[in-house]
file input-v6.cif (mmCIF, C-alpha atoms, pLDDT in the B column; chains and numbers go by the auth columns)
data_target
#
loop_
_atom_site.group_PDB
_atom_site.id
_atom_site.type_symbol
_atom_site.label_atom_id
_atom_site.label_comp_id
_atom_site.label_asym_id
_atom_site.label_seq_id
_atom_site.Cartn_x
_atom_site.Cartn_y
_atom_site.Cartn_z
_atom_site.B_iso_or_equiv
_atom_site.auth_seq_id
_atom_site.auth_asym_id
ATOM 1 C CA MET A 1 0.000 0.000 0.000 65.00 287 C
ATOM 2 C CA ARG A 2 1.642 3.154 -1.235 71.00 288 C
ATOM 3 C CA GLY A 3 2.134 5.845 1.381 76.00 289 C
ATOM 4 C CA PHE A 4 0.726 3.880 4.323 84.00 290 C
ATOM 5 C CA LYS A 5 3.543 4.775 6.710 85.00 291 C
ATOM 6 C CA ALA A 6 3.285 8.510 6.009 86.00 292 C
ATOM 7 C CA LEU A 7 -0.515 8.474 6.268 87.00 293 C
ATOM 8 C CA LEU A 8 -0.397 6.500 9.516 88.00 294 C
ATOM 9 C CA LYS A 9 1.935 9.071 11.072 89.00 295 C
ATOM 10 C CA LYS A 10 -0.442 11.815 9.936 88.00 296 C
ATOM 11 C CA GLU A 11 -3.486 10.034 11.377 88.00 297 C
ATOM 12 C CA LEU A 12 -1.760 9.287 14.695 90.00 298 C
ATOM 13 C CA TRP A 13 -0.773 12.939 14.990 91.00 299 C
ATOM 14 C CA GLU A 14 -4.412 13.877 14.296 87.00 300 C
ATOM 15 C CA GLN A 15 -5.500 11.612 17.152 87.00 301 C
ATOM 16 C CA LEU A 16 -3.301 13.634 19.508 88.00 302 C
ATOM 17 C CA LYS A 17 -3.918 17.075 18.013 89.00 303 C
ATOM 18 C CA THR A 18 -7.710 16.719 18.095 87.00 304 C
ATOM 19 C CA TYR A 19 -7.623 15.182 21.622 88.00 305 C
ATOM 20 C CA LYS A 20 -9.399 12.012 20.440 88.00 306 C
ATOM 21 C CA LEU A 21 -6.958 9.772 22.285 89.00 307 C
ATOM 22 C CA TYR A 22 -7.366 11.770 25.497 91.00 308 C
ATOM 23 C CA ILE A 23 -11.158 11.733 25.224 91.00 309 C
ATOM 24 C CA ILE A 24 -11.351 7.960 24.702 93.00 310 C
ATOM 25 C CA GLY A 25 -8.762 7.355 27.405 93.00 311 C
ATOM 26 C CA GLY A 26 -10.558 9.631 29.869 93.00 312 C
ATOM 27 C CA VAL A 27 -13.899 7.882 29.338 94.00 313 C
ATOM 28 C CA PHE A 28 -12.409 4.399 29.658 96.00 314 C
ATOM 29 C CA LEU A 29 -10.394 5.365 32.742 95.00 315 C
ATOM 30 C CA PHE A 30 -13.497 6.843 34.388 95.00 316 C
ATOM 31 C CA PHE A 31 -15.421 3.581 34.073 94.00 317 C
ATOM 32 C CA GLY A 32 -12.312 1.571 34.940 93.00 318 C
ATOM 33 C CA PHE A 33 -11.978 3.336 38.289 92.00 319 C
ATOM 34 C CA SER A 34 -15.677 3.856 39.044 91.00 320 C
ATOM 35 C CA THR A 35 -17.074 0.369 38.346 91.00 321 C
ATOM 36 C CA PRO A 36 -15.362 -1.548 41.198 89.00 322 C
ATOM 37 C CA LEU A 37 -15.761 1.462 43.492 89.00 323 C
ATOM 38 C CA MET A 38 -19.494 1.610 42.828 87.00 324 C
ATOM 39 C CA LEU A 39 -19.970 -2.119 43.418 85.00 325 C
ATOM 40 C CA LYS A 40 -17.911 -2.060 46.616 82.00 326 C
ATOM 41 C CA TYR A 41 -19.536 0.963 48.220 79.00 327 C
ATOM 42 C CA LEU A 42 -23.068 0.761 46.804 74.00 328 C
ATOM 43 C CA PRO A 43 -24.639 -0.224 50.176 70.00 329 C
ATOM 44 C CA GLU A 44 -22.954 2.765 51.876 71.00 330 C
ATOM 45 C CA ILE A 45 -24.105 5.059 49.071 68.00 331 C
ATOM 46 C CA MET A 46 -27.694 3.873 49.501 67.00 332 C
ATOM 47 C CA GLU A 47 -27.484 4.489 53.258 65.00 333 C
ATOM 48 C CA LEU A 48 -26.095 7.986 52.759 66.00 334 C
ATOM 49 C CA ALA A 49 -28.928 8.699 50.333 61.00 335 C
ATOM 50 C CA GLY A 50 -31.302 8.279 53.270 57.00 336 C
ATOM 51 C CA GLU A 51 -33.547 5.689 51.634 55.00 337 C
ATOM 52 C CA ASP A 52 -36.157 4.237 54.004 56.00 338 C
ATOM 53 C CA ILE A 53 -36.258 0.955 52.111 56.00 339 C
ATOM 54 C CA ILE A 54 -33.593 -1.464 53.356 58.00 340 C
ATOM 55 C CA VAL A 55 -32.023 -3.451 50.545 59.00 341 C
ATOM 56 C CA GLU A 56 -29.611 -6.277 51.232 65.00 342 C
ATOM 57 C CA PHE A 57 -26.803 -6.395 48.679 67.00 343 C
ATOM 58 C CA PRO A 58 -24.753 -9.579 48.315 75.00 344 C
ATOM 59 C CA PRO A 59 -20.992 -9.063 48.574 80.00 345 C
ATOM 60 C CA PRO A 60 -19.597 -8.032 45.168 80.00 346 C
ATOM 61 C CA THR A 61 -17.334 -10.420 43.291 87.00 347 C
ATOM 62 C CA ALA A 62 -14.413 -9.785 40.969 88.00 348 C
ATOM 63 C CA VAL A 63 -16.249 -11.502 38.113 89.00 349 C
ATOM 64 C CA GLN A 64 -19.196 -9.182 38.631 88.00 350 C
ATOM 65 C CA ALA A 65 -16.941 -6.119 38.579 89.00 351 C
ATOM 66 C CA LEU A 66 -15.113 -7.041 35.385 91.00 352 C
ATOM 67 C CA ALA A 67 -18.316 -8.177 33.664 90.00 353 C
ATOM 68 C CA GLU A 68 -20.044 -4.915 34.619 91.00 354 C
ATOM 69 C CA TYR A 69 -17.066 -2.942 33.363 93.00 355 C
ATOM 70 C CA SER A 70 -16.874 -4.766 30.018 92.00 356 C
ATOM 71 C CA GLY A 71 -20.627 -4.412 29.442 91.00 357 C
ATOM 72 C CA THR A 72 -20.497 -0.665 30.069 93.00 358 C
ATOM 73 C CA ILE A 73 -17.321 -0.148 28.025 94.00 359 C
ATOM 74 C CA VAL A 74 -18.743 -2.035 25.043 93.00 360 C
ATOM 75 C CA GLN A 75 -21.914 0.077 25.018 93.00 361 C
ATOM 76 C CA VAL A 76 -20.044 3.348 25.435 94.00 362 C
ATOM 77 C CA GLY A 77 -17.262 2.224 23.097 93.00 363 C
ATOM 78 C CA ILE A 78 -19.690 1.551 20.249 95.00 364 C
ATOM 79 C CA LEU A 79 -20.991 5.123 20.465 95.00 365 C
ATOM 80 C CA ILE A 80 -17.474 6.563 20.623 94.00 366 C
ATOM 81 C CA ALA A 81 -16.308 4.422 17.689 94.00 367 C
ATOM 82 C CA VAL A 82 -19.209 5.605 15.550 95.00 368 C
ATOM 83 C CA LEU A 83 -18.824 9.257 16.540 93.00 369 C
ATOM 84 C CA LEU A 84 -15.093 9.315 15.814 92.00 370 C
ATOM 85 C CA ALA A 85 -15.094 7.199 12.647 92.00 371 C
ATOM 86 C CA MET A 86 -18.247 8.447 10.917 92.00 372 C
ATOM 87 C CA GLY A 87 -16.535 11.578 9.618 87.00 373 C
ATOM 88 C CA ALA A 88 -13.093 10.044 9.048 88.00 374 C
ATOM 89 C CA ILE A 89 -13.703 9.680 5.301 88.00 375 C
ATOM 90 C CA ALA A 90 -17.033 11.463 4.738 86.00 376 C
ATOM 91 C CA GLN A 91 -15.816 14.741 6.214 84.00 377 C
ATOM 92 C CA GLU A 92 -12.608 14.681 4.202 82.00 378 C
ATOM 93 C CA ARG A 93 -14.605 14.064 1.026 79.00 379 C
ATOM 94 C CA SER A 94 -17.066 16.864 1.740 77.00 380 C
ATOM 95 C CA LYS A 95 -14.257 19.337 2.551 77.00 381 C
ATOM 96 C CA GLY A 96 -12.070 18.286 -0.354 75.00 382 C
ATOM 97 C CA THR A 97 -9.095 17.262 1.782 78.00 383 C
ATOM 98 C CA ALA A 98 -9.401 13.644 0.587 75.00 384 C
ATOM 99 C CA MET A 99 -8.777 14.787 -2.987 77.00 385 C
ATOM 100 C CA MET A 100 -5.704 16.731 -1.893 78.00 386 C
ATOM 101 C CA THR A 101 -4.312 13.705 -0.022 76.00 387 C
ATOM 102 C CA LEU A 102 -4.998 11.242 -2.833 73.00 388 C
ATOM 103 C CA SER A 103 -3.437 13.560 -5.405 73.00 389 C
ATOM 104 C CA LYS A 104 -0.113 12.634 -3.792 77.00 390 C
ATOM 105 C CA PRO A 105 1.621 9.260 -4.365 75.00 391 C
ATOM 106 C CA VAL A 106 -0.559 7.358 -1.897 73.00 392 C
ATOM 107 C CA GLY A 107 -3.038 4.561 -2.481 80.00 393 C
ATOM 108 C CA ARG A 108 -6.701 4.497 -1.544 83.00 394 C
ATOM 109 C CA GLY A 109 -6.122 1.277 0.376 84.00 395 C
ATOM 110 C CA ALA A 110 -3.466 2.989 2.473 86.00 396 C
ATOM 111 C CA PHE A 111 -5.781 5.982 2.947 88.00 397 C
ATOM 112 C CA VAL A 112 -8.541 3.825 4.465 89.00 398 C
ATOM 113 C CA THR A 113 -6.299 1.378 6.336 92.00 399 C
ATOM 114 C CA SER A 114 -4.294 4.150 8.016 92.00 400 C
ATOM 115 C CA LYS A 115 -7.496 5.586 9.471 93.00 401 C
ATOM 116 C CA LEU A 116 -8.529 2.192 10.830 95.00 402 C
ATOM 117 C CA ALA A 117 -5.050 1.615 12.287 94.00 403 C
ATOM 118 C CA ALA A 118 -4.873 5.029 13.985 94.00 404 C
ATOM 119 C CA LEU A 119 -8.362 4.833 15.496 94.00 405 C
ATOM 120 C CA SER A 120 -7.752 1.243 16.589 95.00 406 C
ATOM 121 C CA ALA A 121 -4.488 2.286 18.246 94.00 407 C
ATOM 122 C CA SER A 122 -6.311 4.957 20.253 94.00 408 C
ATOM 123 C CA PHE A 123 -8.913 2.423 21.392 95.00 409 C
ATOM 124 C CA ILE A 124 -6.228 -0.108 22.333 95.00 410 C
ATOM 125 C CA VAL A 125 -4.293 2.424 24.425 95.00 411 C
ATOM 126 C CA ALA A 126 -7.486 3.660 26.117 95.00 412 C
ATOM 127 C CA LEU A 127 -8.757 0.124 26.763 95.00 413 C
ATOM 128 C CA VAL A 128 -5.438 -0.981 28.259 95.00 414 C
ATOM 129 C CA ALA A 129 -5.483 2.018 30.603 95.00 415 C
ATOM 130 C CA GLY A 130 -9.134 1.627 31.625 94.00 416 C
ATOM 131 C CA SER A 131 -9.020 -2.141 32.004 94.00 417 C
ATOM 132 C CA THR A 132 -5.807 -2.026 34.021 94.00 418 C
ATOM 133 C CA ALA A 133 -7.383 0.505 36.380 94.00 419 C
ATOM 134 C CA CYS A 134 -10.479 -1.684 36.732 93.00 420 C
ATOM 135 C CA TYR A 135 -8.425 -4.824 37.375 93.00 421 C
ATOM 136 C CA LEU A 136 -6.181 -3.200 39.988 93.00 422 C
ATOM 137 C CA TYR A 137 -9.107 -1.605 41.825 91.00 423 C
ATOM 138 C CA THR A 138 -11.037 -4.873 41.688 92.00 424 C
ATOM 139 C CA VAL A 139 -8.119 -6.776 43.265 91.00 425 C
ATOM 140 C CA MET A 140 -7.589 -4.057 45.889 90.00 426 C
ATOM 141 C CA LEU A 141 -11.238 -3.561 46.876 88.00 427 C
ATOM 142 C CA ILE A 142 -12.947 -6.878 46.192 87.00 428 C
ATOM 143 C CA GLU A 143 -10.849 -9.972 45.489 86.00 429 C
ATOM 144 C CA ASP A 144 -8.177 -11.450 43.245 87.00 430 C
ATOM 145 C CA ILE A 145 -9.050 -12.900 39.844 84.00 431 C
ATOM 146 C CA SER A 146 -7.335 -14.730 36.987 81.00 432 C
ATOM 147 C CA VAL A 147 -5.068 -12.537 34.865 87.00 433 C
ATOM 148 C CA ALA A 148 -5.408 -14.914 31.895 88.00 434 C
ATOM 149 C CA GLY A 149 -9.182 -14.522 31.758 88.00 435 C
ATOM 150 C CA PHE A 150 -8.826 -10.756 32.098 90.00 436 C
ATOM 151 C CA LEU A 151 -6.351 -10.583 29.192 92.00 437 C
ATOM 152 C CA GLY A 152 -8.567 -12.772 27.022 92.00 438 C
ATOM 153 C CA GLN A 153 -11.561 -10.558 27.737 92.00 439 C
ATOM 154 C CA ASN A 154 -9.654 -7.460 26.635 94.00 440 C
ATOM 155 C CA LEU A 155 -8.294 -9.044 23.458 95.00 441 C
ATOM 156 C CA LEU A 156 -11.842 -9.916 22.444 95.00 442 C
ATOM 157 C CA MET A 157 -13.027 -6.387 23.203 95.00 443 C
ATOM 158 C CA ILE A 158 -10.191 -4.966 21.076 96.00 444 C
ATOM 159 C CA LEU A 159 -11.262 -7.146 18.132 96.00 445 C
ATOM 160 C CA PHE A 160 -14.875 -6.068 18.615 96.00 446 C
ATOM 161 C CA PHE A 161 -13.968 -2.365 18.632 96.00 447 C
ATOM 162 C CA ILE A 162 -11.869 -2.777 15.462 96.00 448 C
ATOM 163 C CA PHE A 163 -14.931 -4.382 13.878 97.00 449 C
ATOM 164 C CA CYS A 164 -17.107 -1.408 14.949 96.00 450 C
ATOM 165 C CA ILE A 165 -14.592 1.099 13.544 96.00 451 C
ATOM 166 C CA SER A 166 -14.262 -0.755 10.235 96.00 452 C
ATOM 167 C CA VAL A 167 -18.050 -0.907 9.763 96.00 453 C
ATOM 168 C CA THR A 168 -18.326 2.825 10.422 96.00 454 C
ATOM 169 C CA LEU A 169 -15.455 3.593 8.042 95.00 455 C
ATOM 170 C CA PHE A 170 -17.196 1.584 5.339 95.00 456 C
ATOM 171 C CA PHE A 171 -20.357 3.669 5.628 94.00 457 C
ATOM 172 C CA SER A 172 -18.249 6.822 5.900 92.00 458 C
ATOM 173 C CA SER A 173 -16.842 5.949 2.464 90.00 459 C
ATOM 174 C CA LEU A 174 -20.373 5.626 1.065 89.00 460 C
ATOM 175 C CA PHE A 175 -21.654 9.057 2.076 87.00 461 C
ATOM 176 C CA LYS A 176 -20.357 12.600 2.154 84.00 462 C
ATOM 177 C CA ASN A 177 -22.785 13.276 5.014 88.00 463 C
ATOM 178 C CA GLN A 178 -21.160 11.999 8.194 90.00 464 C
ATOM 179 C CA LEU A 179 -24.465 11.947 10.085 92.00 465 C
ATOM 180 C CA ALA A 180 -25.923 9.552 7.524 92.00 466 C
ATOM 181 C CA ALA A 181 -22.815 7.371 7.764 92.00 467 C
ATOM 182 C CA GLY A 182 -22.916 7.361 11.554 93.00 468 C
ATOM 183 C CA GLY A 183 -26.644 6.739 11.787 94.00 469 C
ATOM 184 C CA ILE A 184 -26.578 3.731 9.476 95.00 470 C
ATOM 185 C CA ALA A 185 -23.424 2.321 11.093 95.00 471 C
ATOM 186 C CA LEU A 186 -24.994 2.610 14.545 95.00 472 C
ATOM 187 C CA ALA A 187 -28.168 0.896 13.310 95.00 473 C
ATOM 188 C CA VAL A 188 -26.108 -1.976 11.873 95.00 474 C
ATOM 189 C CA LEU A 189 -24.110 -2.391 15.085 94.00 475 C
ATOM 190 C CA ILE A 190 -27.255 -2.396 17.194 93.00 476 C
ATOM 191 C CA GLY A 191 -28.829 -4.886 14.781 93.00 477 C
ATOM 192 C CA GLN A 192 -25.917 -7.299 15.058 92.00 478 C
ATOM 193 C CA ALA A 193 -26.142 -7.083 18.859 90.00 479 C
ATOM 194 C CA VAL A 194 -29.805 -8.109 18.673 89.00 480 C
ATOM 195 C CA ALA A 195 -28.926 -10.886 16.217 89.00 481 C
ATOM 196 C CA THR A 196 -26.686 -12.566 18.824 87.00 482 C
ATOM 197 C CA GLN A 197 -29.894 -13.868 20.401 86.00 483 C
ATOM 198 C CA LEU A 198 -30.873 -15.809 17.278 84.00 484 C
ATOM 199 C CA PRO A 199 -30.403 -19.601 17.392 83.00 485 C
ATOM 200 C CA TRP A 200 -27.487 -20.979 15.334 83.00 486 C
ATOM 201 C CA VAL A 201 -26.722 -17.657 13.634 85.00 487 C
ATOM 202 C CA GLY A 202 -26.105 -15.849 16.918 84.00 488 C
ATOM 203 C CA ASP A 203 -22.953 -17.868 17.631 87.00 489 C
ATOM 204 C CA PHE A 204 -21.238 -16.289 14.603 92.00 490 C
ATOM 205 C CA ILE A 205 -22.204 -12.654 15.217 93.00 491 C
ATOM 206 C CA PRO A 206 -19.336 -10.326 16.313 93.00 492 C
ATOM 207 C CA GLY A 207 -21.346 -9.213 19.337 90.00 493 C
ATOM 208 C CA GLN A 208 -20.824 -12.708 20.724 92.00 494 C
ATOM 209 C CA LEU A 209 -17.189 -11.762 21.422 92.00 495 C
ATOM 210 C CA THR A 210 -18.141 -9.781 24.523 89.00 496 C
ATOM 211 C CA SER A 211 -20.132 -12.712 25.922 88.00 497 C
ATOM 212 C CA TRP A 212 -17.138 -14.981 25.433 89.00 498 C
ATOM 213 C CA GLY A 213 -14.993 -12.431 27.261 88.00 499 C
ATOM 214 C CA THR A 214 -17.300 -12.583 30.262 85.00 500 C
ATOM 215 C CA HIS A 215 -17.115 -16.389 30.264 85.00 501 C
ATOM 216 C CA LEU A 216 -13.309 -16.226 30.198 88.00 502 C
ATOM 217 C CA VAL A 217 -13.300 -14.035 33.310 86.00 503 C
ATOM 218 C CA SER A 218 -15.666 -16.352 35.143 81.00 504 C
ATOM 219 C CA GLY A 219 -13.693 -19.436 34.136 78.00 505 C
ATOM 220 C CA GLY A 220 -16.369 -20.829 31.814 74.00 506 C
ATOM 221 C CA ALA A 221 -15.539 -23.177 28.940 67.00 507 C
ATOM 222 C CA GLU A 222 -17.861 -21.603 26.357 77.00 508 C
ATOM 223 C CA SER A 223 -16.079 -20.195 23.296 82.00 509 C
ATOM 224 C CA ALA A 224 -17.005 -18.258 20.156 85.00 510 C
ATOM 225 C CA TRP A 225 -14.282 -18.927 17.596 91.00 511 C
ATOM 226 C CA GLY A 226 -16.882 -18.655 14.846 92.00 512 C
ATOM 227 C CA ALA A 227 -17.578 -15.067 15.884 92.00 513 C
ATOM 228 C CA VAL A 228 -13.821 -14.341 15.868 95.00 514 C
ATOM 229 C CA ALA A 229 -13.473 -15.676 12.307 95.00 515 C
ATOM 230 C CA VAL A 230 -16.545 -13.774 11.082 95.00 516 C
ATOM 231 C CA SER A 231 -15.307 -10.563 12.716 96.00 517 C
ATOM 232 C CA VAL A 232 -11.918 -10.802 10.990 96.00 518 C
ATOM 233 C CA VAL A 233 -13.557 -11.514 7.620 97.00 519 C
ATOM 234 C CA LEU A 234 -15.970 -8.590 8.021 96.00 520 C
ATOM 235 C CA ILE A 235 -13.137 -6.224 8.968 96.00 521 C
ATOM 236 C CA VAL A 236 -11.229 -7.193 5.811 95.00 522 C
ATOM 237 C CA LEU A 237 -14.364 -6.870 3.664 96.00 523 C
ATOM 238 C CA CYS A 238 -15.199 -3.442 5.108 95.00 524 C
ATOM 239 C CA LEU A 239 -11.679 -2.218 4.313 93.00 525 C
ATOM 240 C CA TYR A 240 -11.803 -3.700 0.813 92.00 526 C
ATOM 241 C CA PHE A 241 -15.162 -2.201 -0.114 93.00 527 C
ATOM 242 C CA ALA A 242 -14.328 1.122 1.528 91.00 528 C
ATOM 243 C CA GLN A 243 -11.304 1.588 -0.717 88.00 529 C
ATOM 244 C CA ARG A 244 -13.379 0.452 -3.727 87.00 530 C
ATOM 245 C CA ASN A 245 -15.962 3.085 -2.859 83.00 531 C
ATOM 246 C CA MET A 246 -13.161 5.656 -2.838 78.00 532 C
ATOM 247 C CA ARG A 247 -12.309 4.615 -6.411 74.00 533 C
ATOM 248 C CA ARG A 248 -15.837 4.564 -7.772 66.00 534 C
ATOM 249 C CA ARG A 249 -17.410 7.556 -6.090 60.00 535 C
ATOM 250 C CA GLU A 250 -16.656 11.228 -6.533 56.00 536 C
ATOM 251 C CA ILE A 251 -13.973 12.278 -4.067 56.00 537 C
#

call {"tool": "encode", "arguments": {"input": "input-v6.cif", "output": "structure tokens"}}
result
Amino acid sequence: MRGFKALLKKELWEQLKTYKLYIIGGVFLFFGFSTPLMLKYLPEIMELAGEDIIVEFPPPTAVQALAEYSGTIVQVGILIAVLLAMGAIAQERSKGTAMMTLSKPVGRGAFVTSKLAALSASFIVALVAGSTACYLYTVMLIEDISVAGFLGQNLLMILFFIFCISVTLFFSSLFKNQLAAGGIALAVLIGQAVATQLPWVGDFIPGQLTSWGTHLVSGGAESAWGAVAVSVVLIVLCLYFAQRNMRRREI
């Protein structure tokens, strides 16, 4: 891919200059710190609120903390991925900066792939920071838990976020209106989450990755290798058709 290295440097610098990395990292760190704290001190918070109704809360577990964290991060992460990626190509096309970039000796494949790589790098850094904070606070406040399961959970979340970014980039290459790209991408991602409940088909939907991550933390034997394979294939297809759209449509 011609010009990938130069474009990647440009995109990574954009992540820093526009504070995207700091925003994602701040959100992930907030939930990383707050989730185990909330579970640990929820009974005290309810007492301080002065509620007359007495509710008995079972002692929190490390599995509960990490599962709660991953569920929240996935939901919030989908929204962030769509918001940040929906204008990555569409906005550059509408402003004419895509034409200026592609007039240089760079390929359309490198143009699209560099955006996926830079956004994915920001999510990986933010997820490592947030998940590490959640793990350390969980061990300190609640109980110890397997590091292997924790690492597996995060690797699956990284793959899922890359899938979300690639889907959004594909729709961003279809439209010059970033709101249209983001709206359709969000609808597709919500639809695939609902489809995980379907018999047979649900085992191969990318949204199944987060469920497998929860099982890894809890020590369960259930796996979703089919969803991993489908996710990788869909990521490649989204990149392929995104660069084809850049060739066929007016830049």

call {"tool": "closest_residue", "arguments": {"input": "input-v6.cif", "among": "C:Val368, C:Leu315, C:His501, C:Glu378", "to": "C:Val474", "atoms": "all atoms listed in the file"}}
result
C:Val368

call {"tool": "residues_around", "arguments": {"input": "input-v6.cif", "residues": "stretch 388-404 of chain C", "least_positions_apart": "4", "cutoff": "10 Å", "atoms": "only C-alpha atoms", "output": "PyMOL selection string"}}
result
chain C and resi 287-301+307+371+374-375+383-384+408-410+448-449+451-452+454-456+459+521-522+524-533+537

call {"tool": "resolve_selection", "arguments": {"input": "input-v6.cif", "expression": "the PyMOL selection byres ((chain C and resi 445) around 9)", "output": "ChimeraX atom specification"}}
result
/C:440-444,446-450,492,495,514,517-518

call {"tool": "atom_distance", "arguments": {"input": "input-v6.cif", "atom1": "atom CA of C:Gly435", "atom2": "atom CA of C:Ser504"}}
result
7.5 Å

call {"tool": "residues_around", "arguments": {"input": "input-v6.cif", "residues": "C:Ile359", "least_positions_apart": "2", "cutoff": "12 Å", "atoms": "only C-alpha atoms", "output": "ChimeraX atom specification"}}
result
/C:310-311,313-318,320-321,352-357,361-367,409,412-414,416-417,420,439-440,443-444,446-447,496

call {"tool": "residues_around", "arguments": {"input": "input-v6.cif", "residues": "C:Tyr421", "least_positions_apart": "5", "cutoff": "9 Å", "atoms": "only C-alpha atoms", "output": "PDB file with C-alpha atoms, in the coordinates of the input"}}
result
ATOM      1  CA  GLY C 318     -12.312   1.571  34.940  1.00 93.00           C
ATOM      2  CA  PHE C 319     -11.978   3.336  38.289  1.00 92.00           C
ATOM      3  CA  PRO C 322     -15.362  -1.548  41.198  1.00 89.00           C
ATOM      4  CA  ALA C 348     -14.413  -9.785  40.969  1.00 88.00           C
ATOM      5  CA  ALA C 351     -16.941  -6.119  38.579  1.00 89.00           C
ATOM      6  CA  LEU C 352     -15.113  -7.041  35.385  1.00 91.00           C
ATOM      7  CA  GLY C 416      -9.134   1.627  31.625  1.00 94.00           C
ATOM      8  CA  MET C 426      -7.589  -4.057  45.889  1.00 90.00           C
ATOM      9  CA  ASP C 430      -8.177 -11.450  43.245  1.00 87.00           C
ATOM     10  CA  ILE C 431      -9.050 -12.900  39.844  1.00 84.00           C
ATOM     11  CA  VAL C 433      -5.068 -12.537  34.865  1.00 87.00           C
ATOM     12  CA  PHE C 436      -8.826 -10.756  32.098  1.00 90.00           C
TER      13      PHE C 436
END

call {"tool": "atom_distance", "arguments": {"input": "input-v6.cif", "atom1": "atom CA of C:Ala510", "atom2": "atom CA of C:Thr482"}}
result
11.3 Å

call {"tool": "atom_distance", "arguments": {"input": "input-v6.cif", "atom1": "atom CA of C:Ala376", "atom2": "atom CA of C:Lys462"}}
result
4.4 Å

call {"tool": "resolve_selection", "arguments": {"input": "input-v6.cif", "expression": "the PyMOL selection byres ((chain C and resi 428) around 7)", "output": "VMD selection string"}}
result
chain C and resid 326 346 to 348 424 to 427 429

call {"tool": "closest_residue", "arguments": {"input": "input-v6.cif", "among": "C:Met372, C:Leu520, C:Ile309, C:Ser497", "to": "C:Ile470", "atoms": "only C-alpha atoms"}}
result
C:Met372

call {"tool": "axis_aligned_box", "arguments": {"input": "input-v6.cif", "around": "stretch 387-399 of chain C", "padding_each_side": "8 Å", "output": "AutoDock Vina command-line options"}}
result
--center_x -3.5 --center_y 7.5 --center_z 0.5 --size_x 26.2 --size_y 28.4 --size_z 27.7

call {"tool": "closest_residue", "arguments": {"input": "input-v6.cif", "among": "C:Met385, C:Met324, C:Val349, C:Leu370", "to": "C:Ser406", "atoms": "all atoms listed in the file"}}
result
C:Leu370

call {"tool": "closest_residue", "arguments": {"input": "input-v6.cif", "among": "C:Leu302, C:Gln494, C:Thr418, C:Phe461", "to": "C:Val480", "atoms": "only C-alpha atoms"}}
result
C:Gln494

call {"tool": "closest_residue", "arguments": {"input": "input-v6.cif", "among": "C:Val453, C:Val519, C:Ile476, C:Val487", "to": "C:Val360", "atoms": "only C-alpha atoms"}}
result
C:Ile476

call {"tool": "closest_residue", "arguments": {"input": "input-v6.cif", "among": "C:Gly438, C:Gln377, C:Pro345, C:Trp511", "to": "C:Leu325", "atoms": "all atoms listed in the file"}}
result
C:Pro345

call {"tool": "decode", "arguments": {"input": "input-v6.cif", "residues": "stretch 398-407 of chain C", "atoms": "N, CA, C and O atoms", "output": "PDB file, in the first residue's frame"}}
result
ATOM      1  N   VAL C 398      -7.505   4.394   3.590  1.00  0.00           N
ATOM      2  CA  VAL C 398      -8.541   3.825   4.465  1.00  0.00           C
ATOM      3  C   VAL C 398      -7.908   3.050   5.625  1.00  0.00           C
ATOM      4  O   VAL C 398      -8.305   3.212   6.784  1.00  0.00           O
ATOM      5  N   THR C 399      -6.913   2.234   5.312  1.00  0.00           N
ATOM      6  CA  THR C 399      -6.299   1.378   6.336  1.00  0.00           C
ATOM      7  C   THR C 399      -5.599   2.197   7.418  1.00  0.00           C
ATOM      8  O   THR C 399      -5.614   1.823   8.597  1.00  0.00           O
ATOM      9  N   SER C 400      -4.986   3.305   7.029  1.00  0.00           N
ATOM     10  CA  SER C 400      -4.294   4.150   8.016  1.00  0.00           C
ATOM     11  C   SER C 400      -5.278   4.736   9.017  1.00  0.00           C
ATOM     12  O   SER C 400      -4.955   4.892  10.204  1.00  0.00           O
ATOM     13  N   LYS C 401      -6.479   5.054   8.559  1.00  0.00           N
ATOM     14  CA  LYS C 401      -7.496   5.586   9.471  1.00  0.00           C
ATOM     15  C   LYS C 401      -7.961   4.510  10.447  1.00  0.00           C
ATOM     16  O   LYS C 401      -8.138   4.773  11.647  1.00  0.00           O
ATOM     17  N   LEU C 402      -8.151   3.296   9.944  1.00  0.00           N
ATOM     18  CA  LEU C 402      -8.529   2.192  10.830  1.00  0.00           C
ATOM     19  C   LEU C 402      -7.428   1.925  11.851  1.00  0.00           C
ATOM     20  O   LEU C 402      -7.701   1.742  13.044  1.00  0.00           O
ATOM     21  N   ALA C 403      -6.174   1.914  11.397  1.00  0.00           N
ATOM     22  CA  ALA C 403      -5.050   1.615  12.287  1.00  0.00           C
ATOM     23  C   ALA C 403      -4.906   2.675  13.369  1.00  0.00           C
ATOM     24  O   ALA C 403      -4.668   2.352  14.544  1.00  0.00           O
ATOM     25  N   ALA C 404      -5.045   3.947  13.006  1.00  0.00           N
ATOM     26  CA  ALA C 404      -4.873   5.029  13.985  1.00  0.00           C
ATOM     27  C   ALA C 404      -5.998   5.021  15.017  1.00  0.00           C
ATOM     28  O   ALA C 404      -5.746   5.149  16.223  1.00  0.00           O
ATOM     29  N   LEU C 405      -7.237   4.874  14.557  1.00  0.00           N
ATOM     30  CA  LEU C 405      -8.362   4.833  15.496  1.00  0.00           C
ATOM     31  C   LEU C 405      -8.283   3.594  16.383  1.00  0.00           C
ATOM     32  O   LEU C 405      -8.563   3.662  17.584  1.00  0.00           O
ATOM     33  N   SER C 406      -7.890   2.473  15.802  1.00  0.00           N
ATOM     34  CA  SER C 406      -7.752   1.243  16.589  1.00  0.00           C
ATOM     35  C   SER C 406      -6.667   1.398  17.644  1.00  0.00           C
ATOM     36  O   SER C 406      -6.821   0.924  18.776  1.00  0.00           O
ATOM     37  N   ALA C 407      -5.573   2.069  17.286  1.00  0.00           N
ATOM     38  CA  ALA C 407      -4.488   2.286  18.246  1.00  0.00           C
ATOM     39  C   ALA C 407      -4.964   3.108  19.430  1.00  0.00           C
ATOM     40  O   ALA C 407      -4.615   2.824  20.586  1.00  0.00           O
TER      41      ALA C 407
END
